[in-house]
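*Asks:* I am sharing structure29.txt, which consists of compact mmCIF, C-alpha atoms:
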# COMPACT_ATOMS: atom_id res chain seq x y z
CA MET E 1 10.24 -57.29 38.49
CA SER E 2 12.63 -60.01 39.45
CA ALA E 3 13.55 -61.06 42.96
CA ARG E 4 16.12 -58.57 44.26
CA ALA E 5 19.09 -59.31 46.49
CA VAL E 6 19.04 -58.39 50.17
CA THR E 7 22.03 -58.16 52.50
CA GLU E 8 22.59 -58.07 56.25
CA ALA E 9 22.44 -54.29 55.97
CA THR E 10 19.10 -54.17 54.15
CA PHE E 11 17.43 -57.25 55.70
CA GLU E 12 15.64 -55.34 58.45
CA GLN E 13 14.20 -52.70 56.15
CA GLU E 14 13.38 -54.93 53.20
CA VAL E 15 12.19 -58.01 55.05
CA LEU E 16 11.39 -57.47 58.71
CA LYS E 17 9.75 -54.05 58.27
CA ASN E 18 8.05 -54.77 54.97
CA ASP E 19 4.28 -54.20 54.89
CA LYS E 20 3.78 -57.06 52.47
CA PRO E 21 4.59 -60.73 53.12
CA VAL E 22 8.16 -61.35 51.97
CA ILE E 23 9.54 -64.62 50.69
CA VAL E 24 13.26 -64.90 51.31
CA ASP E 25 15.14 -67.29 49.02
CA PHE E 26 18.31 -68.48 50.78
CA TRP E 27 20.68 -69.49 48.00
CA ALA E 28 24.32 -69.77 46.88
CA GLU E 29 26.23 -69.65 43.62
CA TRP E 30 27.48 -73.25 44.01
CA CYS E 31 24.00 -74.70 44.49
CA GLY E 32 22.66 -76.06 41.19
CA PRO E 33 19.04 -76.42 42.32
CA CYS E 34 19.13 -72.81 43.61
CA ARG E 35 20.12 -71.54 40.18
CA ALA E 36 17.47 -73.73 38.53
CA VAL E 37 14.64 -72.43 40.69
CA SER E 38 15.72 -68.78 40.52
CA PRO E 39 13.95 -67.86 37.25
CA ILE E 40 10.73 -69.45 38.55
CA LEU E 41 10.86 -67.23 41.63
CA ASP E 42 11.43 -64.22 39.39
CA GLN E 43 8.27 -65.16 37.49
CA ILE E 44 6.22 -65.56 40.66
CA ALA E 45 7.59 -62.25 41.98
CA THR E 46 6.54 -60.50 38.77
CA GLU E 47 3.12 -62.10 38.61
CA HIS E 48 2.24 -61.33 42.24
CA ALA E 49 4.14 -58.08 42.78
CA ASP E 50 0.99 -56.50 44.25
CA LYS E 51 0.70 -59.10 47.02
CA ILE E 52 4.20 -60.22 47.93
CA ASP E 53 7.88 -59.37 47.70
CA ILE E 54 10.42 -62.05 46.86
CA VAL E 55 14.03 -61.40 47.80
CA LYS E 56 17.23 -63.43 47.62
CA LEU E 57 19.81 -63.82 50.34
CA ASN E 58 23.23 -65.21 49.41
CA VAL E 59 24.22 -67.51 52.30
CA ASP E 60 27.89 -67.40 51.31
CA GLU E 61 28.00 -63.64 51.69
CA HIS E 62 25.71 -63.52 54.72
CA PRO E 63 26.36 -66.63 56.81
CA ASN E 64 25.15 -64.95 60.02
CA LEU E 65 21.61 -64.60 58.72
CA ALA E 66 21.71 -68.17 57.38
CA MET E 67 22.73 -69.33 60.83
CA LYS E 68 20.17 -67.16 62.59
CA TYR E 69 17.38 -68.72 60.54
CA GLN E 70 18.84 -72.22 60.96
CA ILE E 71 19.34 -72.94 57.29
CA THR E 72 20.78 -76.44 56.75
CA ALA E 73 19.73 -77.02 53.15
CA ILE E 74 19.30 -74.76 50.16
CA PRO E 75 17.40 -73.53 48.34
CA ALA E 76 15.40 -72.70 51.47
CA PHE E 77 12.39 -70.39 51.47
CA LYS E 78 11.01 -68.52 54.44
CA VAL E 79 7.90 -66.37 54.39
CA PHE E 80 8.13 -63.34 56.69
CA LYS E 81 5.06 -61.43 57.81
CA GLY E 82 5.31 -58.59 60.31
CA GLY E 83 8.93 -59.53 60.98
CA GLU E 84 8.13 -63.14 61.89
CA VAL E 85 8.71 -66.34 59.97
CA VAL E 86 5.24 -67.71 59.21
CA GLN E 87 6.17 -70.50 56.80
CA SER E 88 9.28 -72.41 55.71
CA PHE E 89 10.01 -74.92 53.01
CA VAL E 90 13.09 -76.28 51.27
CA GLY E 91 14.12 -77.60 47.88
CA ALA E 92 13.77 -76.57 44.25
CA LYS E 93 10.29 -77.34 42.98
CA PRO E 94 8.38 -76.81 39.75
CA LYS E 95 6.34 -73.62 39.51
CA PRO E 96 2.93 -75.20 40.27
CA ALA E 97 4.35 -76.79 43.43
CA LEU E 98 5.88 -73.49 44.59
CA GLU E 99 2.62 -71.69 43.87
CA ALA E 100 0.78 -74.29 45.94
CA ASP E 101 3.21 -73.76 48.83
CA LEU E 102 2.64 -70.00 48.60
CA ALA E 103 -1.11 -70.21 47.96
CA ALA E 104 -2.00 -68.44 51.21
CA TYR E 105 -0.08 -65.34 50.11
CA ILE E 106 -0.59 -65.16 46.36
CA ALA E 107 -4.11 -66.52 45.82
CA MET T 1 4.00 -81.63 14.20
CA ARG T 2 7.70 -81.91 14.93
CA ASP T 3 10.04 -84.69 13.98
CA ILE T 4 11.32 -85.36 17.46
CA ILE T 5 10.88 -84.46 21.11
CA ILE T 6 13.56 -85.36 23.65
CA ILE T 7 12.53 -85.63 27.29
CA GLY T 8 15.41 -85.14 29.71
CA SER T 9 18.40 -82.80 29.98
CA GLY T 10 21.22 -84.95 31.32
CA PRO T 11 24.09 -86.35 29.25
CA ALA T 12 21.73 -88.73 27.40
CA GLY T 13 19.11 -86.11 26.51
CA PHE T 14 21.58 -83.45 25.37
CA THR T 15 23.71 -85.90 23.39
CA ALA T 16 20.57 -87.15 21.64
CA ALA T 17 19.78 -83.48 20.95
CA ILE T 18 23.25 -82.80 19.49
CA TYR T 19 22.90 -85.75 17.11
CA ALA T 20 19.27 -85.04 16.21
CA ALA T 21 19.97 -81.34 15.67
CA ARG T 22 22.95 -82.08 13.42
CA ALA T 23 20.66 -84.41 11.46
CA GLN T 24 18.47 -81.30 11.01
CA LEU T 25 15.54 -82.80 12.89
CA LYS T 26 15.10 -79.54 14.90
CA PRO T 27 14.58 -81.32 18.21
CA LEU T 28 12.54 -79.90 21.05
CA LEU T 29 14.15 -80.82 24.35
CA ILE T 30 12.03 -80.77 27.51
CA ALA T 31 14.59 -79.98 30.19
CA SER T 32 12.36 -80.00 33.33
CA SER T 33 11.68 -76.91 35.40
CA VAL T 34 14.11 -77.36 38.28
CA GLU T 35 16.37 -80.29 37.39
CA ILE T 36 17.92 -78.92 34.21
CA GLY T 37 21.19 -80.71 33.49
CA GLY T 38 20.30 -83.72 35.58
CA GLU T 39 22.39 -85.42 38.18
CA LEU T 40 25.74 -83.87 37.20
CA MET T 41 24.41 -80.49 38.31
CA ASN T 42 24.78 -81.69 41.89
CA THR T 43 28.32 -82.97 41.54
CA THR T 44 31.61 -81.16 41.82
CA GLU T 45 34.67 -82.24 39.84
CA VAL T 46 34.03 -84.84 37.13
CA GLU T 47 37.34 -86.64 36.53
CA ASN T 48 36.25 -89.53 34.32
CA TYR T 49 34.55 -87.78 31.42
CA PRO T 50 36.91 -88.20 28.45
CA GLY T 51 38.19 -85.08 26.75
CA PHE T 52 38.79 -83.12 29.95
CA PRO T 53 42.27 -84.18 31.13
CA GLU T 54 42.18 -81.75 34.05
CA GLY T 55 38.62 -82.67 35.01
CA ILE T 56 35.62 -80.40 34.72
CA MET T 57 32.94 -79.23 37.13
CA GLY T 58 29.68 -81.16 36.62
CA PRO T 59 27.54 -78.02 36.07
CA ASP T 60 30.10 -76.64 33.57
CA LEU T 61 30.05 -79.91 31.65
CA MET T 62 26.25 -79.77 31.40
CA THR T 63 26.35 -76.12 30.29
CA ASN T 64 28.73 -77.23 27.52
CA PHE T 65 26.37 -80.04 26.52
CA GLN T 66 23.49 -77.59 26.27
CA GLN T 67 25.45 -75.00 24.30
CA GLN T 68 26.57 -77.67 21.85
CA ALA T 69 22.97 -78.88 21.40
CA GLU T 70 21.63 -75.32 20.95
CA ARG T 71 24.37 -74.42 18.48
CA PHE T 72 22.80 -76.85 16.00
CA GLY T 73 19.23 -75.71 16.55
CA THR T 74 17.91 -77.60 19.55
CA GLU T 75 15.02 -75.77 21.18
CA VAL T 76 15.05 -76.15 24.98
CA VAL T 77 11.90 -75.82 27.08
CA TYR T 78 12.17 -75.44 30.87
CA ASP T 79 9.11 -77.29 32.00
CA ASP T 80 8.04 -80.70 33.27
CA VAL T 81 6.19 -83.36 31.34
CA VAL T 82 2.94 -84.22 33.08
CA GLU T 83 1.40 -86.62 30.58
CA LEU T 84 2.44 -88.67 27.57
CA GLU T 85 0.46 -90.13 24.71
CA LEU T 86 2.81 -92.53 22.96
CA ASP T 87 0.60 -94.91 20.99
CA GLY T 88 -0.01 -94.23 17.33
CA PRO T 89 1.98 -92.25 14.80
CA VAL T 90 1.57 -88.89 16.58
CA LYS T 91 3.19 -88.72 20.02
CA ARG T 92 1.80 -86.07 22.37
CA VAL T 93 3.78 -84.57 25.24
CA LYS T 94 1.79 -82.45 27.71
CA LEU T 95 3.69 -79.96 29.87
CA GLY T 96 3.09 -78.42 33.28
CA ASN T 97 2.19 -75.08 31.65
CA GLY T 98 -0.69 -76.76 29.80
CA GLU T 99 0.95 -76.81 26.36
CA THR T 100 0.92 -80.01 24.33
CA HIS T 101 3.67 -80.71 21.81
CA GLU T 102 3.41 -83.29 19.06
CA ALA T 103 6.13 -85.28 17.32
CA ALA T 104 6.60 -88.36 15.19
CA ALA T 105 9.27 -89.69 17.54
CA VAL T 106 10.11 -89.32 21.22
CA ILE T 107 13.39 -89.99 23.02
CA TYR T 108 12.80 -90.64 26.69
CA ALA T 109 15.87 -89.87 28.81
CA THR T 110 14.59 -88.95 32.25
CA GLY T 111 17.42 -90.58 34.19
CA SER T 112 16.98 -91.73 37.72
CA ALA T 113 15.94 -90.31 41.07
CA TYR T 114 17.65 -90.56 44.45
CA ARG T 115 16.59 -93.61 46.34
CA LYS T 116 15.09 -92.91 49.74
CA LEU T 117 15.74 -94.84 52.93
CA GLY T 118 12.05 -95.63 53.27
CA LEU T 119 11.72 -94.40 56.86
CA PRO T 120 8.63 -92.50 58.05
CA GLU T 121 10.69 -89.64 59.56
CA GLU T 122 12.38 -89.00 56.20
CA GLU T 123 9.80 -86.51 54.88
CA VAL T 124 9.78 -84.37 58.03
CA LEU T 125 13.55 -84.19 58.44
CA SER T 126 14.37 -83.73 54.77
CA GLY T 127 16.09 -80.35 54.51
CA HIS T 128 16.55 -80.28 58.28
CA GLY T 129 19.76 -82.24 58.58
CA LEU T 130 18.72 -84.97 56.17
CA SER T 131 20.04 -84.35 52.67
CA TRP T 132 20.52 -85.94 49.25
CA CYS T 133 22.87 -83.24 47.98
CA ALA T 134 26.26 -82.79 49.63
CA THR T 135 27.26 -80.00 47.26
CA CYS T 136 24.11 -78.05 48.15
CA ASP T 137 24.00 -78.58 51.89
CA GLY T 138 27.52 -79.49 53.07
CA PHE T 139 28.28 -75.80 53.63
CA PHE T 140 25.89 -75.74 56.60
CA PHE T 141 27.74 -78.46 58.50
CA ARG T 142 30.97 -76.68 59.37
CA GLN T 143 32.66 -78.28 62.38
CA LYS T 144 29.76 -80.74 62.70
CA THR T 145 29.55 -84.51 62.92
CA ILE T 146 27.70 -86.04 60.02
CA ALA T 147 27.27 -89.36 58.22
CA VAL T 148 26.92 -90.51 54.65
CA VAL T 149 24.90 -93.65 53.96
CA GLY T 150 26.04 -95.74 50.99
CA GLY T 151 28.99 -97.58 49.49
CA GLY T 152 29.16 -96.46 45.87
CA ASP T 153 31.08 -93.74 44.06
CA SER T 154 28.58 -91.04 44.95
CA ALA T 155 28.77 -91.94 48.65
CA MET T 156 32.59 -91.74 48.54
CA GLU T 157 32.51 -88.47 46.61
CA GLU T 158 30.04 -86.95 49.06
CA ALA T 159 31.96 -88.14 52.12
CA THR T 160 35.25 -86.78 50.77
CA PHE T 161 33.63 -83.48 49.76
CA LEU T 162 31.92 -83.11 53.14
CA THR T 163 35.25 -83.28 55.01
CA ARG T 164 35.86 -79.75 53.68
CA PHE T 165 33.23 -78.60 56.16
CA ALA T 166 32.56 -81.23 58.80
CA ASP T 167 34.93 -82.26 61.60
CA LYS T 168 33.88 -85.89 61.32
CA VAL T 169 32.20 -87.88 58.57
CA TYR T 170 31.02 -91.43 59.16
CA VAL T 171 30.34 -93.63 56.15
CA ILE T 172 27.60 -96.10 56.98
CA HIS T 173 27.46 -99.09 54.66
CA ARG T 174 25.34 -102.23 54.85
CA ARG T 175 28.14 -104.54 53.68
CA ASP T 176 31.78 -105.05 54.64
CA SER T 177 33.20 -103.85 51.35
CA LEU T 178 32.53 -100.99 48.95
CA LYS T 179 31.11 -100.96 45.45
CA ALA T 180 32.86 -97.65 44.72
CA SER T 181 35.75 -97.44 42.24
CA LYS T 182 39.20 -98.09 43.71
CA ILE T 183 40.37 -94.49 43.35
CA MET T 184 37.31 -93.13 45.17
CA GLN T 185 37.64 -95.77 47.91
CA GLN T 186 41.31 -94.97 48.45
CA ARG T 187 40.60 -91.25 48.69
CA ALA T 188 38.03 -91.92 51.43
CA PHE T 189 40.28 -94.42 53.27
CA ASP T 190 43.14 -91.91 53.23
CA ASN T 191 41.01 -89.14 54.71
CA ASP T 192 41.54 -88.74 58.47
CA LYS T 193 38.12 -87.22 59.00
CA ILE T 194 36.29 -90.23 57.54
CA GLU T 195 35.44 -93.27 59.63
CA PHE T 196 33.71 -96.32 58.20
CA ILE T 197 30.89 -98.13 59.95
CA TRP T 198 30.55 -101.49 58.20
CA ASN T 199 27.60 -103.89 58.09
CA ALA T 200 25.17 -101.29 59.34
CA GLU T 201 21.92 -99.81 58.12
CA ILE T 202 19.78 -96.93 59.38
CA ALA T 203 16.88 -98.27 61.45
CA ALA T 204 15.60 -94.85 62.52
CA ILE T 205 16.50 -91.16 62.31
CA HIS T 206 16.22 -89.14 65.52
CA GLY T 207 15.11 -85.54 65.87
CA THR T 208 11.92 -83.51 65.69
CA ASP T 209 12.99 -80.16 64.20
CA ALA T 210 16.40 -81.32 63.00
CA VAL T 211 18.44 -84.49 62.81
CA THR T 212 20.11 -85.33 66.14
CA GLY T 213 21.22 -88.88 65.42
CA VAL T 214 20.29 -92.29 64.09
CA THR T 215 19.70 -95.82 65.24
CA LEU T 216 22.10 -98.18 63.49
CA ARG T 217 21.16 -101.81 62.95
CA ASP T 218 23.93 -104.38 62.43
CA THR T 219 23.15 -106.21 59.20
CA VAL T 220 24.90 -109.37 60.46
CA ASN T 221 23.54 -109.89 63.99
CA GLY T 222 20.66 -107.38 64.11
CA ASP T 223 22.07 -105.48 67.11
CA GLU T 224 20.97 -101.85 67.37
CA ARG T 225 22.86 -98.87 68.71
CA GLY T 226 22.53 -95.09 68.65
CA LEU T 227 24.87 -92.63 66.91
CA ASP T 228 24.70 -88.86 67.54
CA LEU T 229 24.81 -86.82 64.35
CA ASP T 230 24.13 -83.27 63.17
CA GLY T 231 23.40 -84.35 59.64
CA LEU T 232 22.77 -87.39 57.48
CA PHE T 233 23.50 -87.54 53.74
CA VAL T 234 21.87 -90.33 51.77
CA ALA T 235 23.65 -91.81 48.73
CA ILE T 236 22.23 -95.33 48.49
CA GLY T 237 21.61 -95.37 44.78
CA ASN T 238 19.06 -94.28 42.23
CA ASP T 239 15.90 -95.66 40.72
CA PRO T 240 14.97 -95.18 37.07
CA ARG T 241 12.39 -92.45 36.61
CA THR T 242 9.62 -94.27 34.77
CA HIS T 243 6.41 -93.08 36.43
CA LEU T 244 5.25 -91.24 33.29
CA VAL T 245 5.44 -94.37 31.15
CA HIS T 246 3.98 -96.99 33.47
CA GLY T 247 1.51 -99.04 31.46
CA LYS T 248 2.72 -97.35 28.27
CA LEU T 249 6.18 -98.86 27.77
CA ASP T 250 7.43 -102.29 28.81
CA LEU T 251 9.80 -102.32 31.77
CA THR T 252 12.48 -104.84 32.74
CA ALA T 253 12.62 -106.82 36.00
CA GLU T 254 15.10 -104.19 37.26
CA GLY T 255 12.54 -101.44 36.65
CA THR T 256 14.33 -99.84 33.71
CA ILE T 257 12.61 -99.26 30.37
CA ALA T 258 12.96 -102.36 28.20
CA VAL T 259 14.78 -101.81 24.91
CA ASP T 260 15.38 -104.09 21.97
CA GLY T 261 18.88 -105.56 22.25
CA ARG T 262 21.62 -102.96 21.96
CA SER T 263 19.24 -100.46 20.40
CA SER T 264 17.21 -97.73 22.12
CA ARG T 265 13.89 -98.97 20.72
CA THR T 266 11.20 -99.41 23.37
CA SER T 267 8.10 -101.61 23.09
CA VAL T 268 6.29 -98.77 21.26
CA PRO T 269 7.34 -97.86 17.69
CA GLY T 270 8.71 -94.33 17.47
CA VAL T 271 9.55 -94.19 21.17
CA PHE T 272 13.22 -94.49 22.08
CA ALA T 273 14.86 -94.48 25.49
CA ALA T 274 18.38 -93.60 26.58
CA GLY T 275 20.60 -93.08 29.59
CA ASP T 276 20.08 -94.20 33.19
CA VAL T 277 16.41 -94.91 32.57
CA ILE T 278 17.41 -97.97 30.47
CA ASP T 279 20.62 -98.83 32.30
CA PRO T 280 20.60 -101.10 35.38
CA SER T 281 24.37 -101.58 35.35
CA TYR T 282 26.71 -98.74 34.41
CA ARG T 283 24.99 -95.38 34.90
CA GLN T 284 27.96 -93.18 33.99
CA ALA T 285 27.82 -89.79 32.29
CA ILE T 286 29.75 -91.24 29.35
CA THR T 287 27.57 -94.35 28.98
CA ALA T 288 24.47 -92.16 29.16
CA ALA T 289 25.91 -89.86 26.49
CA GLY T 290 26.69 -92.85 24.25
CA SER T 291 23.21 -94.17 24.77
CA GLY T 292 21.76 -90.76 23.81
CA ALA T 293 23.72 -90.83 20.55
CA ALA T 294 22.37 -94.31 19.79
CA ALA T 295 18.80 -93.16 20.47
CA ALA T 296 19.12 -90.18 18.12
CA LEU T 297 20.52 -92.43 15.36
CA ASP T 298 17.72 -94.98 15.91
CA ALA T 299 15.14 -92.19 15.81
CA GLU T 300 16.68 -90.70 12.68
CA HIS T 301 16.49 -94.09 10.98
CA TYR T 302 12.86 -94.52 12.09
CA LEU T 303 11.88 -91.09 10.75
CA ALA T 304 13.65 -91.72 7.45
CA ALA T 305 11.73 -94.99 7.06
CA LEU T 306 8.46 -93.18 7.86
CA ASP T 307 9.24 -90.62 5.16
CA ALA T 308 9.91 -93.43 2.74
CA GLY T 309 6.45 -94.77 3.63
CA ASP T 310 7.99 -98.00 4.77
CA ASP T 311 6.99 -98.66 8.36
CA GLU T 312 8.20 -102.25 8.34
CA GLU T 313 11.75 -101.15 7.70
CA ALA T 314 11.71 -98.57 10.49
CA ALA T 315 13.59 -100.82 12.84
CA PRO T 316 17.16 -101.77 12.02
CA VAL T 317 18.21 -105.14 13.37
CA ALA T 318 20.39 -105.00 16.47
CA ALA T 319 23.32 -107.35 16.76
CA PRO T 320 21.59 -110.20 18.59
CA GLU T 321 24.74 -111.76 20.05
CA LEU T 322 25.29 -108.63 22.13
CA ALA T 323 21.71 -108.22 23.27
CA GLY T 324 21.35 -108.24 27.02
CA VAL T 325 25.05 -107.68 27.66
CA ALA T 326 24.15 -104.92 30.14
CA ALA T 327 21.88 -107.17 32.17
CA GLU T 328 23.82 -108.64 35.03
What's the structure tokens form of this structure?

*Replies:*
Amino acid sequence: MSARAVTEATFEQEVLKNDKPVIVDFWAEWCGPCRAVSPILDQIATEHADKIDIVKLNVDEHPNLAMKYQITAIPAFKVFKGGEVVQSFVGAKPKPALEADLAAYIA
Amino acid sequence: MRDIIIIGSGPAGFTAAIYAARAQLKPLLIASSVEIGGELMNTTEVENYPGFPEGIMGPDLMTNFQQQAERFGTEVVYDDVVELELDGPVKRVKLGNGETHEAAAVIYATGSAYRKLGLPEEEVLSGHGLSWCATCDGFFFRQKTIAVVGGGDSAMEEATFLTRFADKVYVIHRRDSLKASKIMQQRAFDNDKIEFIWNAEIAAIHGTDAVTGVTLRDTVNGDERGLDLDGLFVAIGNDPRTHLVHGKLDLTAEGTIAVDGRSSRTSVPGVFAAGDVIDPSYRQAITAAGSGAAAALDAEHYLAALDAGDDEEAAPVAAPELAGVAAE
């Protein structure tokens, strides 16, 4: 299962009210590093589908959410748990580095 | 064991792959996991790559490179090299996923990495108003006041690009003149939103959660002053990416991989280097591509000599009168 897209309309249901921890990938079409890291996130989403959800939010299409979560660089990742942001990190990283960042949720 | 492994996926790596693949060497190209396509992936319009009279977007150009390399049988792997074994006739390339690939020859074309300012607050504020990628992050600075540090082509390109979003873009440069090409300079000078701050360097970046400003230090008299900013983009140059070959290949005083004259031959037989990682002077997409072609031809010659069982002849003689022409 690859990371699915969320929108302003589905954000509350899919992210804030999700029972599992959710990693939101803030990305855009024009961001090269975002496109590079995308397949790695799909892999992590597939491998840990029982523990976490990974979703993608297009900042071009949903600038209000990008602003609300104070995104100033992409790709940006925020981990939501019980509707709250519990962890944030930015930048495209190799899979082992991303797994290390997410260790608390996927280990 | 393969004939050849190419490490790097910028213009040098993919050009080497096109040549090696057309020579039927079935190259394996290690493209990295998140930096596929190299530096051009973070640029916008490329206007100086020959063959594209209207210009071409950097990412599109790199997609073309890759398609051309794959058309002739290049195999591309999206992973990072973690360890290299270069001595001896069998070269071993270990990847992040644990796999090890073996080849008779290696072309090393890892390019260069963004140079950092070297300030302690850099790590914390990176991604929070401090950026190395205008095309990625400029979008978030609509109607803001930001600065670009640097005086080269990439600093001018970033500053000009950022005026699409920001109300005001300062260019902070440590000298009183620019190293950038004339056309890029003129574009920046003509832009009303850009203001130059000459003879200044960043002494400190302010902000705890996000960048709020910087301390500028005058490079002539040492005077310091504050400047309020919402964002800071760093474009102060690149350093060759050689960490995987330290102690394995000879380096030059500039930190690039040392090669024999105009060739791509490193200090280890069967290991060739190309692109920004050997180039302290030019560092253009086209010079990197040319260098990648040279590396593939050198490697092809080396492999042919190996097949002929004639190791001594593996190295063609470079034109000695031109050796070192790139060293300033």

*Asks:* Find the residues near Tyr105 of chain E: any atom within 10 Å, counting only C-alpha atoms, skip ones fewer than 6 places away on the same chain, and give them as an NGL selection string.

*Replies:* :E and (20-23 or 48 or 51-52 or 79 or 99)

*Asks:* Have a look at atom CA of Ile236 of chain T and atom CA of Ala28 of chain E and let me know their distance in Å, one decimal.

*Replies:*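 Separation of atom CA of Ile236 of chain T and atom CA of Ala28 of chain E: 25.7 Å.
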
*Asks:* Please provide the set of residues having any atom within 10 Å of Arg175 of chain T, restricted to only C-alpha atoms, with same-chain residues fewer than 4 positions apart removed, written as a PyMOL selection string.

*Replies:* chain T and resi 150-151+179+197-201+218-220

*Asks:* Measure the distance from atom CA of Phe141 of chain T to atom CA of Ile36 of chain T in Å and round it to one decimal.

*Replies:*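 According to the coordinates, atom CA of Phe141 of chain T and atom CA of Ile36 of chain T are separated by 26.2 Å.
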
*Asks:* In Å, how far is it from atom CA of Ala113 of chain T to atom CA of Val148 of chain T?

*Replies:*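 Atom-to-atom, atom CA of Ala113 of chain T and atom CA of Val148 of chain T are spaced 17.5 Å apart.
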
*Asks:* Distance limit 7 Å, atoms considered: only C-alpha atoms. Which chain E residues sit that close to chain T? Return them as a PyMOL selection string.

*Replies:* chain E and resi 31-33+36-37+72-74+90+92-94

*Asks:* What does the file look like for those residues with C-alpha atoms, as an mmCIF file, in the coordinates of the input?

*Replies:*
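Wrote result_8.cif, looks like this:
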data_model
loop_
_atom_site.group_PDB
_atom_site.id
_atom_site.type_symbol
_atom_site.label_atom_id
_atom_site.label_comp_id
_atom_site.auth_asym_id
_atom_site.auth_seq_id
_atom_site.Cartn_x
_atom_site.Cartn_y
_atom_site.Cartn_z
ATOM 1 C CA CYS E 31 24.000 -74.700 44.490
ATOM 2 C CA GLY E 32 22.660 -76.060 41.190
ATOM 3 C CA PRO E 33 19.040 -76.420 42.320
ATOM 4 C CA ALA E 36 17.470 -73.730 38.530
ATOM 5 C CA VAL E 37 14.640 -72.430 40.690
ATOM 6 C CA THR E 72 20.780 -76.440 56.750
ATOM 7 C CA ALA E 73 19.730 -77.020 53.150
ATOM 8 C CA ILE E 74 19.300 -74.760 50.160
ATOM 9 C CA VAL E 90 13.090 -76.280 51.270
ATOM 10 C CA ALA E 92 13.770 -76.570 44.250
ATOM 11 C CA LYS E 93 10.290 -77.340 42.980
ATOM 12 C CA PRO E 94 8.380 -76.810 39.750
#

*Asks:* Compare E:Val24, E:Leu98, E:Leu16, E:Ala49 by their minimum atom-to-atom distance to Phe77 of chain E, counting all atoms listed in the file, and give me the closest one.

*Replies:*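 Using all atoms listed in the file, the shortest distance to Phe77 of chain E belongs to E:Val24.
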
*Asks:* Of the candidates E:Phe89, E:Ala76, E:Trp27, E:Gly82, which one gets nearest to Gln13 of chain E if we count all atoms listed in the file?

*Replies:*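 Of the candidates, the smallest distance to Gln13 of chain E is held by E:Gly82.
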
*Asks:* Name the residues, using the chain letters and numbers of the file, that sit within 7 Å of (6.1, -79.5, 21.7) when counting only C-alpha atoms, and give them as a ChimeraX atom specification.

*Replies:* /T:5,28,93,100-102

*Asks:* Between T:Ala155, T:Val106, T:Val169, T:Leu232, which has the minimum distance to Ser181 of chain T (counting all atoms listed in the file)?

*Replies:*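 Of T:Ala155, T:Val106, T:Val169, T:Leu232, the one nearest Ser181 of chain T, counting all atoms listed in the file, is T:Ala155.
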
*Asks:* Do you know which residues lie at most 12 Å from (23.8, -58.4, 51.6), with coordinates as in the file and only C-alpha atoms counted, and could you write them as a ChimeraX atom specification?

*Replies:* /E:4-12,14,26,55-66
